[in-house]
$ cat structure-v4.csv   # CSV, C-alpha atoms and all ligand atoms
chain,number,residue,atom,x,y,z
A,283,MET,CA,64.9,-21.3,-9.0
A,284,PRO,CA,62.1,-23.6,-8.0
A,285,GLU,CA,59.7,-22.2,-5.5
A,286,LEU,CA,60.2,-23.5,-2.0
A,287,ARG,CA,57.4,-25.7,-1.0
A,288,ASN,CA,57.6,-25.1,2.7
A,289,VAL,CA,56.5,-21.5,2.5
A,290,ASN,CA,55.4,-19.9,5.8
A,291,PRO,CA,53.0,-17.1,4.7
A,292,GLN,CA,53.0,-15.5,8.1
A,293,LYS,CA,56.8,-15.3,8.3
A,294,ARG,CA,57.0,-14.0,4.7
A,295,ALA,CA,54.5,-11.3,5.4
A,296,GLU,CA,56.4,-10.2,8.5
A,297,GLU,CA,59.7,-10.3,6.7
A,298,LEU,CA,58.3,-8.1,3.9
A,299,LEU,CA,57.1,-5.5,6.4
A,300,LYS,CA,60.4,-5.5,8.2
A,301,ARG,CA,62.3,-5.2,4.9
A,302,LEU,CA,60.3,-2.2,3.9
A,303,GLY,CA,60.6,-0.7,7.4
A,304,ILE,CA,56.8,-0.7,8.1
A,305,HIS,CA,56.1,-0.8,11.8
A,306,SER,CA,52.7,0.9,12.2
A,307,ASN,CA,49.2,0.5,11.0
A,308,PRO,CA,47.3,0.8,8.8
A,309,THR,CA,49.6,-1.2,6.4
A,310,PRO,CA,50.1,0.8,3.2
A,311,VAL,CA,49.3,-2.1,0.9
A,312,GLU,CA,49.3,0.0,-2.3
A,313,LYS,CA,52.7,1.4,-1.5
A,314,ILE,CA,54.0,-2.1,-0.7
A,315,ALA,CA,52.7,-3.3,-4.1
A,316,LYS,CA,54.4,-0.4,-5.8
A,317,SER,CA,57.7,-1.0,-4.0
A,318,LEU,CA,57.7,-4.5,-5.3
A,319,GLY,CA,57.4,-3.1,-8.8
A,320,ALA,CA,53.8,-3.9,-9.3
A,321,VAL,CA,51.2,-1.7,-11.0
A,322,VAL,CA,47.9,-1.5,-9.2
A,323,ARG,CA,44.8,-0.7,-11.3
A,324,PHE,CA,41.4,0.0,-9.8
A,325,SER,CA,38.4,-0.6,-12.0
A,326,PRO,CA,34.8,-1.6,-11.7
A,327,LEU,CA,34.5,-5.3,-12.0
A,328,ASP,CA,31.6,-7.8,-11.6
A,329,GLU,CA,30.5,-8.0,-8.0
A,330,GLU,CA,31.9,-11.6,-7.5
A,331,LEU,CA,35.4,-10.6,-8.7
A,332,SER,CA,37.7,-9.3,-6.1
A,333,GLY,CA,40.8,-8.9,-8.1
A,334,MET,CA,43.5,-10.4,-10.3
A,335,ILE,CA,47.2,-10.5,-10.8
A,336,TYR,CA,49.4,-11.4,-13.8
A,337,ILE,CA,52.9,-10.6,-14.9
A,338,LYS,CA,53.5,-9.0,-18.2
A,339,ASP,CA,57.0,-8.2,-19.5
A,340,ASP,CA,58.3,-8.7,-16.0
A,341,VAL,CA,55.8,-6.2,-14.6
A,342,PRO,CA,53.3,-7.5,-12.1
A,343,ILE,CA,49.8,-6.1,-12.8
A,344,ILE,CA,47.3,-6.1,-10.0
A,345,GLY,CA,43.7,-5.4,-10.8
A,346,ILE,CA,41.3,-4.5,-8.0
A,347,ASN,CA,37.5,-4.2,-8.0
A,348,SER,CA,36.9,-0.5,-7.3
A,349,LEU,CA,33.3,-1.1,-6.5
A,350,HIS,CA,34.1,-3.1,-3.3
A,351,HIS,CA,34.4,-1.6,0.2
A,352,PRO,CA,37.8,0.0,0.7
A,353,ASN,CA,38.7,-2.5,3.4
A,354,ARG,CA,38.0,-5.3,1.1
A,355,GLN,CA,40.1,-3.7,-1.7
A,356,ARG,CA,42.9,-3.5,0.8
A,357,PHE,CA,42.5,-7.2,1.6
A,358,THR,CA,42.5,-8.0,-2.1
A,359,ILE,CA,45.7,-6.0,-2.7
A,360,ALA,CA,47.4,-7.8,0.3
A,361,HIS,CA,46.2,-11.2,-1.1
A,362,GLU,CA,47.6,-10.4,-4.6
A,363,ILE,CA,50.9,-9.3,-3.0
A,364,GLY,CA,50.9,-12.7,-1.3
A,365,HIS,CA,50.7,-14.4,-4.6
A,366,LEU,CA,53.5,-12.2,-5.9
A,367,GLU,CA,55.7,-13.0,-2.9
A,368,LEU,CA,54.8,-16.7,-2.7
A,369,HIS,CA,53.8,-17.9,-6.1
A,370,LYS,CA,55.6,-15.7,-8.6
A,371,THR,CA,56.5,-18.4,-11.1
A,372,PHE,CA,52.9,-19.4,-11.8
A,373,LEU,CA,51.8,-15.8,-12.4
A,374,THR,CA,53.7,-15.5,-15.6
A,375,ALA,CA,51.9,-18.5,-17.1
A,376,SER,CA,48.4,-17.1,-16.8
A,377,VAL,CA,46.2,-14.4,-15.3
A,378,HIS,CA,45.2,-15.3,-11.8
A,379,VAL,CA,41.6,-14.2,-11.0
A,380,ASP,CA,40.2,-14.1,-7.5
A,381,LYS,CA,36.6,-14.4,-6.8
A,382,LYS,CA,35.0,-13.9,-3.4
A,383,PHE,CA,37.3,-14.8,-0.6
A,384,PRO,CA,35.7,-17.3,1.8
A,385,ILE,CA,37.7,-15.6,4.6
A,386,MET,CA,35.8,-12.3,3.9
A,387,MET,CA,32.4,-14.0,3.6
A,388,ARG,CA,32.2,-16.2,6.7
A,389,GLY,CA,35.1,-15.1,8.8
A,390,VAL,CA,36.8,-18.4,8.4
A,391,VAL,CA,39.4,-19.8,6.0
A,392,ALA,CA,37.4,-22.3,4.0
A,393,ALA,CA,39.7,-25.2,3.3
A,394,GLN,CA,36.9,-27.0,1.4
A,395,GLY,CA,37.8,-27.1,-2.3
A,396,THR,CA,40.1,-24.1,-1.9
A,397,ASP,CA,43.4,-24.1,-3.6
A,398,ARG,CA,46.4,-24.3,-1.3
A,399,LYS,CA,47.8,-21.2,-2.9
A,400,GLU,CA,44.6,-19.3,-2.0
A,401,ILE,CA,44.9,-20.3,1.6
A,402,GLU,CA,48.6,-19.2,1.6
A,403,ALA,CA,47.7,-15.9,0.0
A,404,ASN,CA,44.9,-15.3,2.5
A,405,THR,CA,47.2,-16.1,5.5
A,406,PHE,CA,49.8,-13.8,4.0
A,407,ALA,CA,47.3,-11.0,3.6
A,408,ALA,CA,45.9,-11.4,7.1
A,409,HIS,CA,49.4,-11.1,8.6
A,410,LEU,CA,50.4,-8.2,6.3
A,411,LEU,CA,47.3,-6.2,7.3
A,412,ILE,CA,47.4,-7.2,11.0
A,413,PRO,CA,50.9,-8.0,12.1
A,414,GLU,CA,50.9,-10.1,15.2
A,415,THR,CA,53.3,-8.0,17.3
A,416,LEU,CA,51.3,-4.9,16.6
A,417,LEU,CA,48.0,-6.6,17.3
A,418,VAL,CA,49.3,-8.0,20.6
A,419,GLN,CA,50.6,-4.5,21.5
A,420,LEU,CA,47.4,-2.8,20.8
A,421,MET,CA,45.3,-5.4,22.6
A,422,GLU,CA,47.4,-5.2,25.8
A,423,GLY,CA,45.5,-4.1,28.8
A,424,LYS,CA,42.3,-3.9,26.9
A,425,THR,CA,39.2,-6.0,27.7
A,426,PHE,CA,37.0,-7.1,24.9
A,427,ASP,CA,33.4,-7.5,26.0
A,428,ILE,CA,31.0,-9.3,23.8
A,429,ASP,CA,28.4,-6.8,24.7
A,430,ASP,CA,30.5,-3.8,23.7
A,431,ASP,CA,31.5,-3.6,20.1
A,432,LYS,CA,33.3,-0.3,20.4
A,433,PRO,CA,36.9,-1.5,21.2
A,434,LEU,CA,36.8,-4.0,18.4
A,435,GLU,CA,35.4,-1.4,16.0
A,436,GLU,CA,38.2,1.1,16.9
A,437,LEU,CA,40.9,-1.5,16.5
A,438,ALA,CA,39.5,-2.6,13.1
A,439,LYS,CA,39.5,1.1,12.1
A,440,LYS,CA,43.2,1.4,13.1
A,441,PHE,CA,44.1,-1.5,10.9
A,442,ARG,CA,41.6,-0.4,8.2
A,443,VAL,CA,40.3,-4.0,8.0
A,444,SER,CA,36.8,-5.4,8.4
A,445,ARG,CA,35.6,-6.5,11.8
A,446,GLN,CA,35.4,-10.1,10.5
A,447,MET,CA,39.0,-9.9,9.5
A,448,LEU,CA,40.1,-8.6,12.9
A,449,GLU,CA,38.1,-11.2,14.8
A,450,PHE,CA,39.6,-13.9,12.6
A,451,ARG,CA,43.1,-12.7,13.5
A,452,ILE,CA,42.4,-12.4,17.2
A,453,GLY,CA,41.0,-15.9,17.1
A,454,LYS,CA,44.2,-17.1,15.6
A,455,LEU,CA,46.5,-15.6,18.2
A,456,PRO,CA,48.7,-18.1,20.0
A,457,ALA,CA,47.3,-18.5,23.5
B,501,ZN,ZN,44.2,-15.7,-5.1

$ encode --input "structure-v4.csv" --output "structure tokens"
Amino acid sequence: MPELRNVNPQKRAEELLKRLGIHSNPTPVEKIAKSLGAVVRFSPLDEELSGMIYIKDDVPIIGINSLHHPNRQRFTIAHEIGHLELHKTFLTASVHVDKKFPIMMRGVVAAQGTDRKEIEANTFAAHLLIPETLLVQLMEGKTFDIDDDKPLEELAKKFRVSRQMLEFRIGKLPA
């Protein structure tokens, strides 16, 4: 079956969480990968490499750079799950290697020169790690003061994501 071109990464991430009955944070990314039949391997890789994914004999293999910060490893796993969910057909043809994610570096999704698949996988990962309904719930009644880092830090800890990632998601919330 050809891949649908009008993929909605946010919807797909939300549907996956729902399908697996995951309603709380932090999102168990490794468990999700395993429940999709993937093998997750952690090993020390070059600093610029975040991870990779390929499919061998029908088994998706996800490689993660164990030297990176745990939050970043979680993002990478979520990103690779995104490729598995959204771009499966192209994974059998070759090993997909992910270098530094622009989203993690500058807190923005860099569209410049970035593959459409990468943007989709990043969006998927962002919504898998920080589901919108949960984020809205947790932010309700809270005030976020630019002079007080604590509430944001605590929220980031709950999701086990970086502050940058959280701020990026909050910035993307529909008004
Ligand atoms: Zn990628």

$ residues_near_point --input "structure-v4.csv" --point "(48.8, -0.4, -14.2)" --cutoff "10 Å" --atoms "all atoms listed in the file" --output "VMD selection string"
chain A and resid 320 to 324 341 to 345

$ residues_near_ligand --input "structure-v4.csv" --ligand "ligand ZN 501 (chain B)" --cutoff "7 Å" --atoms "only C-alpha atoms and all ligand atoms" --output "PyMOL selection string"
chain A and resi 361-362+365+378-380+399-400+403

$ write_last_selection --input "structure-v4.csv" --atoms "C-alpha atoms" --output "compact mmCIF listing (two decimals), in the coordinates of the input"
# COMPACT_ATOMS: atom_id res chain seq x y z
CA HIS A 361 46.20 -11.20 -1.10
CA GLU A 362 47.60 -10.40 -4.60
CA HIS A 365 50.70 -14.40 -4.60
CA HIS A 378 45.20 -15.30 -11.80
CA VAL A 379 41.60 -14.20 -11.00
CA ASP A 380 40.20 -14.10 -7.50
CA LYS A 399 47.80 -21.20 -2.90
CA GLU A 400 44.60 -19.30 -2.00
CA ALA A 403 47.70 -15.90 0.00

$ closest_residue --input "structure-v4.csv" --among "A:Leu417, A:Val311, A:Leu318, A:Ile346" --to "Glu367 of chain A" --atoms "only C-alpha atoms"
A:Leu318

$ residues_near_point --input "structure-v4.csv" --point "(44.8, -12.3, 12.5)" --cutoff "8 Å" --atoms "only C-alpha atoms" --output "list in words"
Ala408, His409, Ile412, Pro413, Glu414, Met447, Leu448, Glu449, Phe450, Arg451, Ile452, Gly453, Lys454 and Leu455 of chain A

$ closest_residue --input "structure-v4.csv" --among "A:Ile428, A:Ala375, A:Ala457, A:Ala315" --to "Leu298 of chain A" --atoms "all atoms listed in the file"
A:Ala315

$ closest_residue --input "structure-v4.csv" --among "A:Leu368, A:Pro326, A:Asn290, A:Ile363" --to "Leu349 of chain A" --atoms "all atoms listed in the file"
A:Pro326

$ atom_distance --input "structure-v4.csv" --atom1 "atom CA of Asn307 of chain A" --atom2 "atom CA of Phe441 of chain A"
5.5 Å

$ closest_residue --input "structure-v4.csv" --among "A:Leu411, A:Pro456, A:Phe372, A:Lys338" --to "Leu299 of chain A" --atoms "only C-alpha atoms"
A:Leu411

$ atom_distance --input "structure-v4.csv" --atom1 "atom CA of Asn404 of chain A" --atom2 "atom CA of Thr371 of chain A"
18.1 Å

$ atom_distance --input "structure-v4.csv" --atom1 "atom CA of Gln355 of chain A" --atom2 "atom CA of Asp430 of chain A"
27.2 Å

$ closest_residue --input "structure-v4.csv" --among "A:Ile359, A:Ile314, A:His350, A:Glu402" --to "Lys293 of chain A" --atoms "only C-alpha atoms"
A:Glu402

$ closest_residue --input "structure-v4.csv" --among "A:Val289, A:Asp339, A:Pro433, A:Val418" --to "Thr374 of chain A" --atoms "only C-alpha atoms"
A:Asp339

$ build_atoms --input "structure-v4.csv" --residues "segment 328-339 of chain A" --atoms "all heavy atoms" --output "CSV table (one decimal), keeping the file's coordinate frame"
chain,number,residue,atom,x,y,z
A,328,ASP,N,32.8,-7.1,-12.1
A,328,ASP,CA,31.6,-7.8,-11.6
A,328,ASP,C,31.7,-8.0,-10.1
A,328,ASP,O,32.8,-8.2,-9.5
A,328,ASP,CB,31.6,-9.2,-12.2
A,328,ASP,CG,31.1,-9.1,-13.7
A,328,ASP,OD1,30.7,-8.0,-14.1
A,328,ASP,OD2,31.2,-10.1,-14.4
A,329,GLU,N,30.6,-7.9,-9.4
A,329,GLU,CA,30.5,-8.0,-8.0
A,329,GLU,C,31.3,-9.2,-7.4
A,329,GLU,O,32.0,-9.1,-6.4
A,329,GLU,CB,29.1,-8.1,-7.5
A,329,GLU,CG,28.8,-8.5,-6.1
A,329,GLU,CD,29.5,-7.7,-5.0
A,329,GLU,OE1,29.7,-6.5,-5.3
A,329,GLU,OE2,29.8,-8.2,-3.9
A,330,GLU,N,31.2,-10.4,-8.1
A,330,GLU,CA,31.9,-11.6,-7.5
A,330,GLU,C,33.4,-11.6,-7.7
A,330,GLU,O,34.1,-12.4,-7.1
A,330,GLU,CB,31.3,-12.8,-8.1
A,330,GLU,CG,31.9,-13.3,-9.4
A,330,GLU,CD,31.0,-13.3,-10.6
A,330,GLU,OE1,30.1,-12.5,-10.6
A,330,GLU,OE2,31.2,-14.2,-11.4
A,331,LEU,N,33.9,-10.7,-8.5
A,331,LEU,CA,35.4,-10.6,-8.7
A,331,LEU,C,36.0,-9.6,-7.7
A,331,LEU,O,35.6,-8.5,-7.6
A,331,LEU,CB,35.7,-10.1,-10.1
A,331,LEU,CG,35.3,-11.1,-11.3
A,331,LEU,CD1,35.6,-10.5,-12.6
A,331,LEU,CD2,36.0,-12.4,-11.1
A,332,SER,N,37.0,-10.1,-7.0
A,332,SER,CA,37.7,-9.3,-6.1
A,332,SER,C,38.9,-8.6,-6.7
A,332,SER,O,39.2,-7.4,-6.5
A,332,SER,CB,38.2,-10.1,-4.9
A,332,SER,OG,37.1,-10.6,-4.1
A,333,GLY,N,39.6,-9.4,-7.5
A,333,GLY,CA,40.8,-8.9,-8.1
A,333,GLY,C,41.6,-9.9,-8.9
A,333,GLY,O,41.1,-11.0,-9.1
A,334,MET,N,42.7,-9.5,-9.5
A,334,MET,CA,43.5,-10.4,-10.3
A,334,MET,C,44.9,-10.0,-10.3
A,334,MET,O,45.2,-8.9,-9.9
A,334,MET,CB,42.9,-10.5,-11.7
A,334,MET,CG,43.0,-9.1,-12.4
A,334,MET,SD,42.2,-9.2,-14.0
A,334,MET,CE,40.5,-9.2,-13.5
A,335,ILE,N,45.8,-10.9,-10.7
A,335,ILE,CA,47.2,-10.5,-10.8
A,335,ILE,C,47.8,-11.3,-12.0
A,335,ILE,O,47.4,-12.5,-12.2
A,335,ILE,CB,48.0,-10.8,-9.5
A,335,ILE,CG1,49.5,-10.4,-9.7
A,335,ILE,CG2,47.8,-12.2,-9.0
A,335,ILE,CD1,50.2,-10.2,-8.4
A,336,TYR,N,48.7,-10.7,-12.7
A,336,TYR,CA,49.4,-11.4,-13.8
A,336,TYR,C,50.7,-10.6,-14.0
A,336,TYR,O,50.9,-9.5,-13.5
A,336,TYR,CB,48.6,-11.5,-15.1
A,336,TYR,CG,48.2,-10.2,-15.7
A,336,TYR,CD1,48.9,-9.7,-16.8
A,336,TYR,CD2,47.0,-9.6,-15.3
A,336,TYR,CE1,48.5,-8.5,-17.4
A,336,TYR,CE2,46.6,-8.4,-15.9
A,336,TYR,CZ,47.3,-7.9,-16.9
A,336,TYR,OH,46.9,-6.7,-17.5
A,337,ILE,N,51.6,-11.3,-14.6
A,337,ILE,CA,52.9,-10.6,-14.9
A,337,ILE,C,53.1,-10.5,-16.4
A,337,ILE,O,53.0,-11.5,-17.1
A,337,ILE,CB,54.1,-11.4,-14.3
A,337,ILE,CG1,53.9,-11.4,-12.7
A,337,ILE,CG2,55.4,-10.8,-14.7
A,337,ILE,CD1,55.0,-12.2,-12.0
A,338,LYS,N,53.3,-9.2,-16.8
A,338,LYS,CA,53.5,-9.0,-18.2
A,338,LYS,C,54.8,-8.3,-18.4
A,338,LYS,O,55.0,-7.2,-17.9
A,338,LYS,CB,52.3,-8.2,-18.8
A,338,LYS,CG,52.2,-8.3,-20.3
A,338,LYS,CD,51.0,-7.6,-20.9
A,338,LYS,CE,51.0,-7.8,-22.4
A,338,LYS,NZ,51.3,-6.5,-23.1
A,339,ASP,N,55.7,-8.8,-19.3
A,339,ASP,CA,57.0,-8.2,-19.5
A,339,ASP,C,57.7,-7.9,-18.2
A,339,ASP,O,58.2,-6.8,-18.0
A,339,ASP,CB,56.8,-6.9,-20.4
A,339,ASP,CG,56.2,-7.2,-21.7
A,339,ASP,OD1,56.4,-8.3,-22.3
A,339,ASP,OD2,55.4,-6.4,-22.2
